[in-house]
Structures are given as C-alpha cells and as structure tokens.
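The structure file work-v4.txt is reproduced below (compact mmCIF, C-alpha atoms).
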# COMPACT_ATOMS: atom_id res chain seq x y z
CA MET A 440 0.00 0.00 0.00
CA THR A 441 2.81 2.39 0.91
CA PHE A 442 4.64 1.52 -2.29
CA LEU A 443 1.49 2.20 -4.33
CA LEU A 444 1.03 5.58 -2.68
CA LYS A 445 4.64 6.48 -3.43
CA CYS A 446 4.17 5.52 -7.09
CA VAL A 447 1.05 7.70 -7.33
CA GLY A 448 2.95 10.54 -5.69
CA VAL A 449 5.79 10.21 -8.19
CA LEU A 450 3.35 10.19 -11.12
CA VAL A 451 1.42 13.22 -9.90
CA ALA A 452 4.59 15.19 -9.16
CA ALA A 453 6.11 14.26 -12.55
CA LEU A 454 2.94 15.27 -14.39
CA LEU A 455 2.76 18.60 -12.58
CA MET A 456 6.43 19.36 -13.17
CA GLY A 457 6.45 18.14 -16.78
CA LEU A 458 3.24 19.85 -17.86
CA GLY A 459 3.98 23.01 -15.88
CA SER A 460 7.44 23.47 -17.38
CA ALA A 461 6.09 22.69 -20.87
CA TYR A 462 3.30 25.25 -20.38
CA TRP A 463 5.86 27.84 -19.34
CA ALA A 464 8.06 27.05 -22.37
CA ILE A 465 5.15 27.16 -24.82
CA ASN A 466 3.96 30.50 -23.43
CA SER A 467 7.40 32.09 -23.26
CA GLY A 468 6.69 34.09 -26.40
CA LEU A 469 7.04 33.87 -30.15
CA GLY A 470 10.73 33.61 -30.81
CA THR A 471 13.08 34.86 -28.15
CA ALA A 472 16.29 33.67 -29.78
CA LEU A 473 17.26 37.12 -31.06
CA GLN A 474 16.82 40.49 -29.37
CA ASN A 475 16.90 43.90 -31.05
CA GLY A 476 16.03 46.74 -28.67
CA ALA A 477 12.62 45.99 -27.18
CA TRP A 478 11.86 43.54 -29.99
CA HIS A 479 12.58 39.85 -30.17
CA THR A 480 12.26 37.19 -32.84
CA ASP A 481 13.52 33.77 -33.86
CA PRO A 482 15.01 33.60 -37.36
CA ASN A 483 13.81 30.01 -37.63
CA ILE A 484 10.12 30.82 -37.20
CA GLY A 485 8.14 28.88 -39.79
CA SER A 486 11.17 27.08 -41.17
CA GLU A 487 12.11 23.43 -41.09
CA GLN A 488 15.18 24.45 -39.04
CA ALA A 489 12.95 25.49 -36.13
CA ASP A 490 13.71 23.54 -32.97
CA PRO A 491 10.87 21.85 -31.06
CA TYR A 492 10.58 24.77 -28.63
CA ALA A 493 10.35 27.36 -31.42
CA ARG A 494 7.75 25.20 -33.16
CA ALA A 495 5.73 24.89 -29.95
CA ALA A 496 5.87 28.67 -29.41
CA VAL A 497 4.75 29.27 -33.01
CA ALA A 498 1.81 26.92 -32.47
CA ARG A 499 0.79 28.96 -29.41
CA ALA A 500 1.48 32.52 -30.50
CA GLY A 501 2.12 32.59 -34.24
CA LEU A 502 0.38 29.77 -36.02
CA LEU A 503 0.79 29.87 -39.82
CA ALA A 504 3.79 32.21 -39.58
CA LEU A 505 5.86 32.46 -42.75
CA ASN A 506 9.60 31.85 -42.98
CA LYS A 507 12.00 34.79 -42.65
CA SER A 508 12.71 35.36 -46.34
CA GLU A 509 8.99 35.97 -46.83
CA THR A 510 8.12 37.67 -43.55
CA VAL A 511 9.97 38.53 -40.37
CA TYR A 512 7.92 38.78 -37.17
CA PHE A 513 9.30 40.84 -34.29
CA THR A 514 7.38 40.87 -31.00
CA ALA A 515 7.62 43.31 -28.09
CA THR A 516 6.12 42.60 -24.67
CA LEU A 517 8.30 45.17 -22.86
CA ASP A 518 9.13 48.82 -23.50
CA ASP A 519 12.65 50.22 -23.93
CA GLU A 520 13.10 50.31 -20.15
CA GLY A 521 12.20 46.67 -19.79
CA GLU A 522 8.78 47.37 -18.25
CA PRO A 523 5.84 45.20 -19.39
CA LEU A 524 3.55 46.90 -21.88
CA SER A 525 0.29 47.89 -20.17
CA THR A 526 -2.99 48.94 -21.76
CA ALA A 527 -3.25 51.64 -19.07
CA CYS A 528 -0.16 53.44 -20.44
CA GLN A 529 0.65 55.60 -23.43
CA TYR A 530 3.67 54.73 -25.59
CA ARG A 531 5.50 56.61 -28.29
CA LEU A 532 7.11 54.51 -31.01
CA GLU A 533 9.66 56.23 -33.21
CA GLY A 534 10.93 54.48 -36.27
CA LYS A 535 13.16 55.00 -39.27
CA PRO A 536 12.40 53.70 -42.77
CA LEU A 537 12.57 49.91 -42.85
CA ALA A 538 14.18 48.04 -45.75
CA THR A 539 11.21 45.90 -46.60
CA ARG A 540 8.42 45.85 -49.14
CA TRP A 541 5.73 46.44 -46.53
CA TRP A 542 5.56 46.61 -42.74
CA SER A 543 2.94 46.86 -40.04
CA ILE A 544 2.74 47.17 -36.26
CA THR A 545 -0.23 45.51 -34.56
CA ALA A 546 -1.31 45.41 -30.90
CA TYR A 547 -2.49 42.12 -29.39
CA ALA A 548 -4.07 41.30 -26.05
CA ALA A 549 -2.50 38.78 -23.70
CA ASP A 550 -4.64 36.04 -25.29
CA HIS A 551 -2.92 36.77 -28.65
CA TYR A 552 -6.06 38.16 -30.31
CA LEU A 553 -6.76 41.70 -31.50
CA ILE A 554 -7.77 44.18 -28.81
CA ALA A 555 -11.39 45.38 -28.93
CA ASN A 556 -11.67 49.17 -29.18
CA PRO A 557 -14.38 51.61 -30.29
CA GLN A 558 -12.46 52.64 -33.41
CA ASN A 559 -11.91 49.03 -34.59
CA ARG A 560 -8.33 50.07 -35.29
CA TYR A 561 -5.70 47.48 -34.51
CA SER A 562 -2.56 48.47 -36.37
CA GLN A 563 -0.58 51.03 -38.28
CA ALA A 564 1.30 50.15 -41.43
CA MET A 565 3.60 51.48 -44.08
CA ASN A 566 0.61 52.45 -46.20
CA THR A 567 -1.34 54.14 -43.38
CA VAL A 568 1.14 56.14 -41.27
CA SER A 569 1.86 59.78 -41.87
CA ARG A 570 5.61 60.36 -42.05
CA ASN A 571 8.08 63.05 -41.26
CA ALA A 572 10.14 64.84 -43.90
CA ASP A 573 13.01 62.36 -43.48
CA ASP A 574 10.57 59.45 -43.92
CA SER A 575 10.75 58.55 -40.24
CA PHE A 576 7.47 57.97 -38.40
CA THR A 577 5.90 58.17 -34.96
CA ILE A 578 3.17 55.83 -33.70
CA SER A 579 1.19 56.48 -30.54
CA VAL A 580 -0.11 53.43 -28.68
CA SER A 581 -2.55 54.49 -25.97
CA PRO A 582 -5.88 53.58 -24.33
CA ASP A 583 -7.97 55.74 -26.67
CA GLY A 584 -5.67 55.69 -29.70
CA ALA A 585 -5.25 59.45 -29.63
CA GLY A 586 -2.08 61.03 -30.94
CA GLU A 587 -0.11 60.68 -34.12
CA ASN A 588 -0.79 57.45 -36.02
CA GLY A 589 -2.64 56.07 -33.00
CA ILE A 590 -3.29 52.46 -32.08
CA PRO A 591 -5.91 52.08 -29.30
CA THR A 592 -5.48 49.52 -26.54
CA GLY A 593 -9.08 49.97 -25.41
CA PHE A 594 -8.31 50.52 -21.72
CA ILE A 595 -11.00 52.36 -19.77
CA ALA A 596 -9.91 53.58 -16.36
CA PRO A 597 -12.16 52.13 -13.66
CA SER A 598 -13.77 54.38 -11.06
CA SER A 599 -11.77 52.76 -8.25
CA ASP A 600 -8.15 53.54 -7.52
CA GLU A 601 -7.02 50.28 -9.05
CA ASN A 602 -6.06 51.60 -12.47
CA VAL A 603 -4.29 48.42 -13.46
CA GLY A 604 -4.16 47.78 -17.17
CA ASP A 605 -3.78 44.46 -18.90
CA SER A 606 -0.56 43.32 -20.47
CA PHE A 607 -0.40 43.43 -24.25
CA SER A 608 2.16 42.94 -26.99
CA LEU A 609 3.12 44.46 -30.31
CA THR A 610 4.05 42.59 -33.47
CA LEU A 611 6.16 44.22 -36.16
CA ARG A 612 5.75 42.41 -39.49
CA LEU A 613 8.26 42.92 -42.27
CA TYR A 614 6.89 41.48 -45.52
CA ASN A 615 9.41 40.59 -48.24
CA PRO A 616 12.30 42.09 -46.27
CA ALA A 617 15.44 43.08 -48.16
CA GLU A 618 18.25 40.59 -47.77
CA ALA A 619 20.15 43.24 -45.79
CA THR A 620 17.25 43.14 -43.35
CA TYR A 621 16.67 39.43 -42.82
CA SER A 622 20.38 38.65 -42.78
CA ASN A 623 21.00 41.23 -40.04
CA LEU A 624 17.94 41.00 -37.81
CA GLY A 625 19.87 41.93 -34.69
CA GLY A 626 21.47 45.02 -36.23
CA ILE A 627 18.74 46.83 -38.15
CA ASP A 628 17.08 49.94 -36.73
CA LEU A 629 13.70 49.03 -35.29
CA PRO A 630 11.20 51.45 -33.74
CA THR A 631 11.91 52.53 -30.17
CA ILE A 632 9.13 52.07 -27.60
CA ALA A 633 9.08 54.82 -24.94
CA LYS A 634 6.47 54.96 -22.17
CA GLU A 635 5.07 58.49 -21.85
CA SER A 636 2.44 58.20 -19.12
CA CYS A 637 -0.03 55.86 -17.45
CA SER A 638 -3.66 56.31 -16.44
CA MET B 388 17.48 1.16 2.59
CA LYS B 389 16.18 4.67 1.96
CA SER B 390 13.98 4.91 -1.12
CA TRP B 391 13.62 8.68 -1.49
CA PRO B 392 16.66 9.17 -3.77
CA TYR B 393 15.12 6.70 -6.20
CA LEU B 394 11.72 8.36 -5.95
CA ILE B 395 13.23 11.77 -6.70
CA ALA B 396 15.18 10.36 -9.65
CA ALA B 397 12.08 8.63 -10.99
CA THR B 398 10.06 11.84 -10.61
CA LEU B 399 12.63 13.92 -12.50
CA ILE B 400 12.98 11.39 -15.32
CA LEU B 401 9.22 11.05 -15.72
CA ALA B 402 8.80 14.85 -15.57
CA ALA B 403 11.40 15.26 -18.34
CA ILE B 404 9.58 12.68 -20.48
CA VAL B 405 6.23 14.43 -19.93
CA HIS B 406 7.81 17.83 -20.68
CA LEU B 407 9.47 16.73 -23.94
CA THR B 408 6.44 14.77 -25.11
CA THR B 409 4.22 17.82 -24.57
CA ILE B 410 6.62 20.11 -26.45
CA LEU B 411 6.88 17.67 -29.35
CA VAL B 412 3.16 16.87 -29.58
CA TRP B 413 1.81 20.42 -29.04
CA PRO B 414 2.33 21.78 -32.61
CA ASN B 415 0.63 18.76 -34.20
CA PHE B 416 -2.19 19.00 -31.65
CA VAL B 417 -2.80 22.67 -32.46
CA MET B 418 -2.69 22.06 -36.21
CA SER B 419 -5.05 19.09 -35.92
CA ARG B 420 -7.50 21.26 -33.97
CA LEU B 421 -7.32 23.93 -36.68
CA THR B 422 -7.80 21.47 -39.55
CA ALA B 423 -10.57 19.63 -37.68
CA GLY B 424 -12.38 22.93 -37.10
CA LEU B 425 -12.10 23.85 -40.77
CA ALA B 426 -13.21 20.36 -41.81
CA GLU B 427 -16.26 20.62 -39.60
CA ASN B 428 -17.25 24.13 -40.66
CA VAL B 429 -16.26 24.18 -44.34
CA GLY B 430 -14.89 20.78 -45.33
CA VAL B 431 -11.52 19.41 -46.35
CA ASN B 432 -9.87 20.61 -49.57
CA ILE B 433 -12.42 23.45 -49.75
CA PRO B 434 -11.46 27.14 -49.42
CA ASN B 435 -12.80 29.19 -46.56
CA HIS B 436 -12.81 32.91 -47.31
CA ALA B 437 -12.46 34.24 -43.79
CA ASP B 438 -13.92 37.60 -42.83
CA ARG B 439 -11.48 40.45 -42.32
CA PRO B 440 -9.85 39.94 -38.90
CA THR B 441 -11.34 41.84 -35.97
CA SER B 442 -11.16 41.53 -32.20
CA ASP B 443 -13.88 38.84 -32.50
CA SER B 444 -11.76 36.61 -34.79
CA ARG B 445 -10.73 33.39 -33.07
CA THR B 446 -9.71 30.98 -35.87
CA VAL B 447 -5.96 31.69 -35.72
CA VAL B 448 -3.94 33.59 -33.11
CA ARG B 449 -2.37 36.96 -33.94
CA PRO B 450 -4.10 37.58 -37.26
CA SER B 451 -3.03 40.62 -39.25
CA PRO B 452 -5.92 43.10 -39.56
CA ASP B 453 -4.30 44.46 -42.72
CA LEU B 454 -4.69 41.22 -44.64
CA ILE B 455 -7.60 39.12 -45.83
CA TYR B 456 -7.13 35.38 -45.64
CA THR B 457 -8.46 32.42 -47.57
CA ILE B 458 -7.63 29.09 -45.98
CA CYS B 459 -8.00 25.43 -47.02
CA ALA B 460 -7.48 22.44 -44.75
CA PHE B 461 -5.81 19.90 -47.03
CA ASP B 462 -5.67 16.12 -47.00
CA VAL B 463 -3.58 14.59 -49.78
CA SER B 464 -3.51 11.07 -48.35
CA LYS B 465 -5.78 9.80 -51.13
CA GLN B 466 -5.91 12.54 -53.77
CA ALA B 467 -3.69 15.32 -55.01
CA LEU B 468 -4.93 18.90 -54.69
CA ARG B 469 -4.99 21.51 -57.43
CA ILE B 470 -4.59 24.98 -55.90
CA SER B 471 -5.13 28.12 -57.92
CA ALA B 472 -5.94 31.78 -57.50
CA PRO B 473 -5.85 34.99 -59.49
CA VAL B 474 -3.01 37.29 -58.44
CA PRO B 475 -4.32 40.73 -57.45
CA VAL B 476 -2.71 43.79 -58.99
CA ASP B 477 -0.46 46.22 -57.08
CA THR B 478 -0.60 44.64 -53.66
CA TYR B 479 1.11 41.92 -51.68
CA PHE B 480 -0.32 38.44 -52.26
CA SER B 481 1.07 35.08 -51.23
CA LEU B 482 0.19 31.42 -51.37
CA SER B 483 1.70 29.45 -48.50
CA MET B 484 1.41 25.90 -47.21
CA PHE B 485 1.93 24.48 -43.73
CA GLY B 486 2.50 20.89 -42.64
CA ASP B 487 0.89 19.21 -39.65
CA ASP B 488 3.84 20.30 -37.47
CA THR B 489 3.30 24.04 -38.33
CA ASP B 490 6.31 24.24 -40.70
CA ASN B 491 5.88 26.61 -43.64
CA PHE B 492 7.02 24.22 -46.40
CA PHE B 493 6.03 26.34 -49.40
CA VAL B 494 5.45 29.99 -50.14
CA VAL B 495 5.30 32.09 -53.27
CA ASN B 496 4.28 35.75 -53.54
CA ASP B 497 3.06 38.02 -56.31
CA SER B 498 6.48 39.53 -56.98
CA GLN B 499 7.84 36.04 -57.80
CA LEU B 500 5.06 35.24 -60.27
CA ASP B 501 5.19 36.30 -63.90
CA LYS B 502 1.55 35.43 -64.54
CA ASP B 503 -1.71 36.88 -63.31
CA ARG B 504 -2.66 33.52 -61.85
CA VAL B 505 -0.90 31.09 -59.53
CA GLU B 506 -1.51 27.38 -59.93
CA VAL B 507 0.26 24.48 -58.22
CA VAL B 508 -0.53 20.85 -57.53
CA LEU B 509 0.01 19.56 -54.00
CA VAL B 510 0.83 15.87 -53.80
CA LYS B 511 1.87 13.29 -51.27
CA THR B 512 4.20 11.59 -53.76
CA PRO B 513 5.21 12.71 -57.28
CA ASP B 514 3.60 9.65 -58.90
CA GLN B 515 0.19 10.53 -57.43
CA VAL B 516 -0.80 12.54 -60.52
CA SER B 517 -0.04 12.75 -64.24
CA GLY B 518 -0.91 15.11 -67.09
CA LEU B 519 -0.69 18.31 -65.07
CA GLY B 520 -0.42 20.59 -68.06
CA GLY B 521 2.71 22.26 -66.73
CA ALA B 522 1.47 23.14 -63.27
CA PRO B 523 4.32 22.95 -60.74
CA ILE B 524 4.20 20.15 -58.19
CA VAL B 525 4.65 20.70 -54.47
CA ILE B 526 5.31 17.65 -52.31
CA ALA B 527 3.57 17.80 -48.94
CA PRO B 528 5.66 16.65 -45.96
CA SER B 529 2.50 15.39 -44.24
CA ASP B 530 -0.88 14.06 -45.36
CA THR B 531 -2.72 16.94 -43.76
CA GLY B 532 -2.05 20.64 -43.24
CA VAL B 533 -3.20 24.05 -44.35
CA VAL B 534 -3.06 26.15 -47.52
CA LEU B 535 -3.24 29.89 -46.88
CA PHE B 536 -3.75 32.78 -49.31
CA ARG B 537 -2.83 36.21 -47.96
CA THR B 538 -3.91 39.46 -49.66
CA LEU B 539 -2.83 42.85 -48.36
CA ILE B 540 -5.59 45.44 -48.21
CA ALA B 541 -3.55 48.07 -50.02
CA SER B 542 -6.10 50.76 -49.24
CA GLU B 543 -9.59 50.81 -47.79
CA ASP B 544 -11.15 51.90 -51.07
CA ARG B 545 -9.77 48.78 -52.74
CA PHE B 546 -11.21 46.35 -50.19
CA SER B 547 -14.24 45.26 -52.26
CA GLU B 548 -12.13 44.71 -55.35
CA LEU B 549 -9.45 42.70 -53.51
CA ASP B 550 -12.06 40.74 -51.56
CA ALA B 551 -13.76 39.72 -54.80
CA VAL B 552 -10.46 38.61 -56.34
CA ARG B 553 -9.37 36.49 -53.38
CA ARG B 554 -12.77 34.71 -53.32
CA GLN B 555 -11.81 33.16 -56.66
CA ALA B 556 -9.09 31.08 -54.99
CA THR B 557 -9.74 27.35 -55.27
CA CYS B 558 -8.51 24.11 -53.72
CA GLU B 559 -9.80 21.12 -55.69
CA ALA B 560 -9.15 17.44 -55.10
CA MET B 561 -7.97 15.81 -58.36

Hey, can you dump this file as structure tokens for me?
Amino acid sequence: MTFLLKCVGVLVAALLMGLGSAYWAINSGLGTALQNGAWHTDPNIGSEQADPYARAAVARAGLLALNKSETVYFTATLDDEGEPLSTACQYRLEGKPLATRWWSITAYAADHYLIANPQNRYSQAMNTVSRNADDSFTISVSPDGAGENGIPTGFIAPSSDENVGDSFSLTLRLYNPAEATYSNLGGIDLPTIAKESCS
Amino acid sequence: MKSWPYLIAATLILAAIVHLTTILVWPNFVMSRLTAGLAENVGVNIPNHADRPTSDSRTVVRPSPDLIYTICAFDVSKQALRISAPVPVDTYFSLSMFGDDTDNFFVVNDSQLDKDRVEVVLVKTPDQVSGLGGAPIVIAPSDTGVVLFRTLIASEDRFSELDAVRRQATCEAM
C-alpha cells in the first residue's frame, strides 16, 4: 500500500512538473532567440530548421507564420526600459524607414487576439502612417488611440483607484524584407518604444 | 534502505519525459484542432474565405488586420490537390502551405510570379498525378495541413475589389 502511494505521488509530481514546465516554455513568447532593442524574434520561425521549442511557441502565438525570407515577425512585450507593456499606459514609437516591401505594427491582447476598441483600429502600417520629412514615423499606442498614427489599446480607467491595465504585446511584421534586413535582424534599426504616461 | 533518492530520480525522469512529449506533440495537436475545425465548418480541400480579422476573430492567433485570408485544410492522403488563384494587382499576395507540425514548407508571392494567376498541384508523392499541363508540383511533408492565401488590403477603397479577387481562390481534389 505504501509503495502504491509512493508511485502515485511520483506520477502526480512528474505530471505537474512536466506539464507546468512545458506550459511555461510554450507560453514564453514567439521567438526569443534574437533580441533587437525591445523587440525579439527567432530567425527560424516557420522554417524546417525550427527547434521543437520554437515550433511549440509558433503553435501557441504565431500559427501559420511564414519563414524569414517571406516575412519577419518581431514581437515586443516590454518597452525600452524593460517594463511590461500595459494597456493603461501611453507609448510613443519612433521608427526610421525599414528596408522591406511592406511593414505593419499591430497590438495584441495577452490572449494573442486583436484588442477590442471603439475605433476598430488594430494596427498602423507602411501604407497608413503619416511620415516626417526624413521618412521617419511616430506611432502612438494608448488607451484611446489618440495622438499621431494612433493604435488604441481599449483601456477604460475604472472608477476605483485600481487603475491596473492588462498586459499586451506588439508585433512588427516585415513582408518581403530586403536581404540586408533578414540577414542582419539583430542590427537593423527598429522602432523605439518609450512609455510616456499611465492612467 | 532509503527509497527517497530513487523516488526523486524517478520523478525527475518522468517529468522530463512528460515535458518533452508535450513540447513535441503540441504543434501537431494545435494544427489538428485547426484542420478539424475547418473540416467541420467548411470541409476538407475546400477554401474558406475568412472575414477580415477583428477583435472577435478566433480561428488563428495573432491575425493581421491588414490582410484578408483564404484558408483550405488539405488532406492529400488519397488525392492530389490543385490549388489556384488569381493574383491581385499592385498589392502583396502570397500562397503558402503548412505541414501538420506548423512548418511553412512552401510559399510564393506576387512579386515572384510572372503570370496573373498562380496554380500548383500539391501531392503526397510525385507519382500521385499525371498530365498536369505544366502546373508545378509541391510535395507535402505530411498528409494533412493548411493552404493559406494572404492578400494585403492596399487601401480601404480597394477592399471590395481585392475581396472579390481572393474569393476566386480554389482548392480542388484531383
């Protein structure tokens, strides 16, 4: 009887440890192999060279992602100071022209789906942003999407003092990137993400 | 004799086996759920012209709201699949294919095509079909998976035009 109880204990503990660590690995984000500023990616996303962990992360947070010569996916869950992105805060993204055929920046909720907002606006892209004279651009990510080239995160401050926003993430897509881009993913200039204020 | 060192060792070994098995099986599990959902709602080897992604979209995680997607769950275990679509003008368009482990095993985009139509035949083995009339063959690494057409909404005033074009995409069992 004691032996049986020990076996059950071993099985339960092994299942909890094995499944828990796998859950953590699968939810660790889409491609963390390469960091560039606040953005991270894995050059093997979508490719047959992807290791089992990259494949598992893609299945969780980037299903049907294309390989890097077709599209590069950068994700940011933190700002430039390393603080988690919060829907209660306002961020200013400043970017230089990107060597790619087309790009977009999209905000996603913690469940990896688009964030509901009154404007039904989820992204800004190369063909929608207004640009500065030197072709650089500024994108404002904030609760109500106000500001230059705004992306709303839909946060409504509650009446209580607990103005805690939800975490969210940004995905930068580079479609048909120039070879100079996808062969130097860690060195290209990507938009900065500066927190300006919080509700 | 104390048994706890053996129990700890057994726990760690079993935990490692559970961990690795979960990591290895997870991608195929997610893809099978996706293809099963498409098979139930639309059918296998039949295109589904998905609505433009919004915050209510739940078919695939992290959709791009700037693209419109047409998706086919494929099964080439018994028949090859002829895939074709008109190529829209002056916007990004791609045809991509994904195996049952999530790998993107084929992709071609509008800038790589010299015709106004893309047509390929997806097979399990090259001898599965004959008399293709010149259509390129793509060999699937798995019996099942997904074909995905992406069309960039170049501007809002072109949405209706581009939506109509992408609805002409076909996946037909041969």

Give me the residues of chain B that have any atom at most 8 Å from an atom of chain A; for each, the nearest atom pair and the distance in Å, rounded to one decimal. Use all atoms listed in the file, sort by chain and number, and format it as a Markdown table.
| residue | atom | partner | partner_atom | distance |
| --- | --- | --- | --- | --- |
| B:Leu394 | CA | A:Val449 | CA | 6.6 |
| B:Ile395 | CA | A:Val449 | CA | 7.7 |
| B:Ala397 | CA | A:Val449 | CA | 7.1 |
| B:Thr398 | CA | A:Ala453 | CA | 5.0 |
| B:Leu399 | CA | A:Ala453 | CA | 6.5 |
| B:Ile400 | CA | A:Ala453 | CA | 7.9 |
| B:Leu401 | CA | A:Ala453 | CA | 5.5 |
| B:Ala402 | CA | A:Ala453 | CA | 4.1 |
| B:Ala403 | CA | A:Gly457 | CA | 5.9 |
| B:Ile404 | CA | A:Gly457 | CA | 7.3 |
| B:Val405 | CA | A:Gly457 | CA | 4.9 |
| B:His406 | CA | A:Gly457 | CA | 4.1 |
| B:Leu407 | CA | A:Ala461 | CA | 7.5 |
| B:Thr409 | CA | A:Ala461 | CA | 6.4 |
| B:Ile410 | CA | A:Ala495 | CA | 6.0 |
| B:Leu411 | CA | A:Pro491 | CA | 6.0 |
| B:Trp413 | CA | A:Ala495 | CA | 6.0 |
| B:Pro414 | CA | A:Ala498 | CA | 5.2 |
| B:Val417 | CA | A:Ala498 | CA | 6.3 |
| B:Met418 | CA | A:Ala498 | CA | 7.6 |
| B:Thr441 | CA | A:Leu553 | CA | 6.4 |
| B:Ser442 | CA | A:Leu553 | CA | 4.5 |
| B:Asp443 | CA | A:Leu553 | CA | 7.7 |
| B:Ser444 | CA | A:Tyr552 | CA | 7.4 |
| B:Arg445 | CA | A:Tyr552 | CA | 7.2 |
| B:Val447 | CA | A:Leu502 | CA | 6.6 |
| B:Val448 | CA | A:His551 | CA | 5.6 |
| B:Arg449 | CA | A:Tyr552 | CA | 5.3 |
| B:Pro450 | CA | A:Tyr552 | CA | 7.2 |
| B:Ser451 | CA | A:Thr545 | CA | 7.3 |
| B:Pro452 | CA | A:Tyr561 | CA | 6.7 |
| B:Asp453 | CA | A:Ser562 | CA | 7.7 |
| B:Ser483 | CA | A:Leu505 | CA | 7.7 |
| B:Phe485 | CA | A:Leu503 | CA | 6.8 |
| B:Asp488 | CA | A:Arg494 | CA | 7.6 |
| B:Thr489 | CA | A:Leu503 | CA | 6.5 |
| B:Asp490 | CA | A:Gly485 | CA | 5.1 |
| B:Asn491 | CA | A:Gly485 | CA | 5.0 |
| B:Phe492 | CA | A:Ser486 | CA | 7.3 |
| B:Val494 | CA | A:Glu509 | CA | 7.7 |
| B:Ala541 | CA | A:Asn566 | CA | 7.1 |
| B:Ser542 | CA | A:Asn566 | CA | 7.6 |

- Could you name the residues that touch segment 507-516 of chain B at 7 Å or less, counting all atoms listed in the file, but leaving out those on the same chain fewer than 6 positions away, as a list in words? Val463, Ser464, Ala467, Leu468, Arg469, Ile470, Ser471, Ala522, Pro523, Ile524, Val525, Ile526, Ala527 and Asp530 of chain B

- For atom CA of Gln499 of chain B and atom CA of Leu535 of chain B, quote the distance in Å rounded to one decimal. 16.7 Å

- Coordinates-based distance that separates atom CA of Asn588 of chain A from atom CA of Ser638 of chain A (Å, one decimal): 19.8 Å

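Comparing B:Arg537, B:Lys389, B:Arg439, B:Arg420 by their smallest distance to Phe480 of chain B, the closest is B:Arg537 (using all atoms listed in the file).
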
Can you patch up segment 489-496 of chain B, filling it in to all heavy atoms, and show the result as a CSV table (one decimal), in the coordinates of the input?
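The resulting file, out-v8.csv, is shown below:
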chain,number,residue,atom,x,y,z
B,489,THR,N,3.3,22.6,-38.2
B,489,THR,CA,3.3,24.0,-38.3
B,489,THR,C,4.4,24.6,-39.3
B,489,THR,O,4.4,25.8,-39.6
B,489,THR,CB,3.5,24.8,-37.0
B,489,THR,OG1,4.8,24.7,-36.5
B,489,THR,CG2,2.5,24.3,-35.9
B,490,ASP,N,5.3,23.7,-39.8
B,490,ASP,CA,6.3,24.2,-40.7
B,490,ASP,C,5.7,24.8,-42.0
B,490,ASP,O,4.8,24.2,-42.6
B,490,ASP,CB,7.3,23.1,-41.1
B,490,ASP,CG,8.3,22.8,-40.0
B,490,ASP,OD1,8.2,23.6,-38.9
B,490,ASP,OD2,9.1,21.9,-40.1
B,491,ASN,N,6.3,26.0,-42.4
B,491,ASN,CA,5.9,26.6,-43.6
B,491,ASN,C,6.7,26.0,-44.8
B,491,ASN,O,7.8,26.4,-45.0
B,491,ASN,CB,6.1,28.1,-43.5
B,491,ASN,CG,6.0,28.9,-44.8
B,491,ASN,OD1,6.6,29.9,-45.0
B,491,ASN,ND2,5.1,28.4,-45.7
B,492,PHE,N,6.2,25.0,-45.4
B,492,PHE,CA,7.0,24.2,-46.4
B,492,PHE,C,7.0,24.8,-47.8
B,492,PHE,O,7.7,24.3,-48.7
B,492,PHE,CB,6.7,22.7,-46.4
B,492,PHE,CG,5.3,22.4,-46.9
B,492,PHE,CD1,5.0,22.2,-48.2
B,492,PHE,CD2,4.3,22.2,-46.0
B,492,PHE,CE1,3.8,21.8,-48.7
B,492,PHE,CE2,3.0,21.9,-46.4
B,492,PHE,CZ,2.7,21.7,-47.8
B,493,PHE,N,6.1,25.7,-48.1
B,493,PHE,CA,6.0,26.3,-49.4
B,493,PHE,C,5.5,27.7,-49.3
B,493,PHE,O,4.5,28.0,-48.5
B,493,PHE,CB,5.1,25.5,-50.3
B,493,PHE,CG,5.0,26.1,-51.7
B,493,PHE,CD1,5.9,25.9,-52.7
B,493,PHE,CD2,3.9,26.9,-52.0
B,493,PHE,CE1,5.7,26.5,-54.0
B,493,PHE,CE2,3.7,27.5,-53.3
B,493,PHE,CZ,4.6,27.2,-54.2
B,494,VAL,N,6.1,28.7,-50.0
B,494,VAL,CA,5.4,30.0,-50.1
B,494,VAL,C,5.9,30.6,-51.4
B,494,VAL,O,7.1,30.5,-51.9
B,494,VAL,CB,5.8,30.9,-48.9
B,494,VAL,CG1,7.3,31.1,-48.8
B,494,VAL,CG2,5.1,32.2,-49.0
B,495,VAL,N,5.0,31.3,-52.1
B,495,VAL,CA,5.3,32.1,-53.3
B,495,VAL,C,4.5,33.4,-53.2
B,495,VAL,O,3.3,33.3,-52.7
B,495,VAL,CB,5.0,31.3,-54.6
B,495,VAL,CG1,3.5,31.0,-54.7
B,495,VAL,CG2,5.6,32.0,-55.8
B,496,ASN,N,5.1,34.5,-53.6
B,496,ASN,CA,4.3,35.8,-53.5
B,496,ASN,C,4.2,36.4,-54.9
B,496,ASN,O,4.8,35.9,-55.9
B,496,ASN,CB,4.9,36.7,-52.5
B,496,ASN,CG,6.3,37.2,-52.9
B,496,ASN,OD1,6.4,37.8,-53.9
B,496,ASN,ND2,7.3,36.9,-52.1
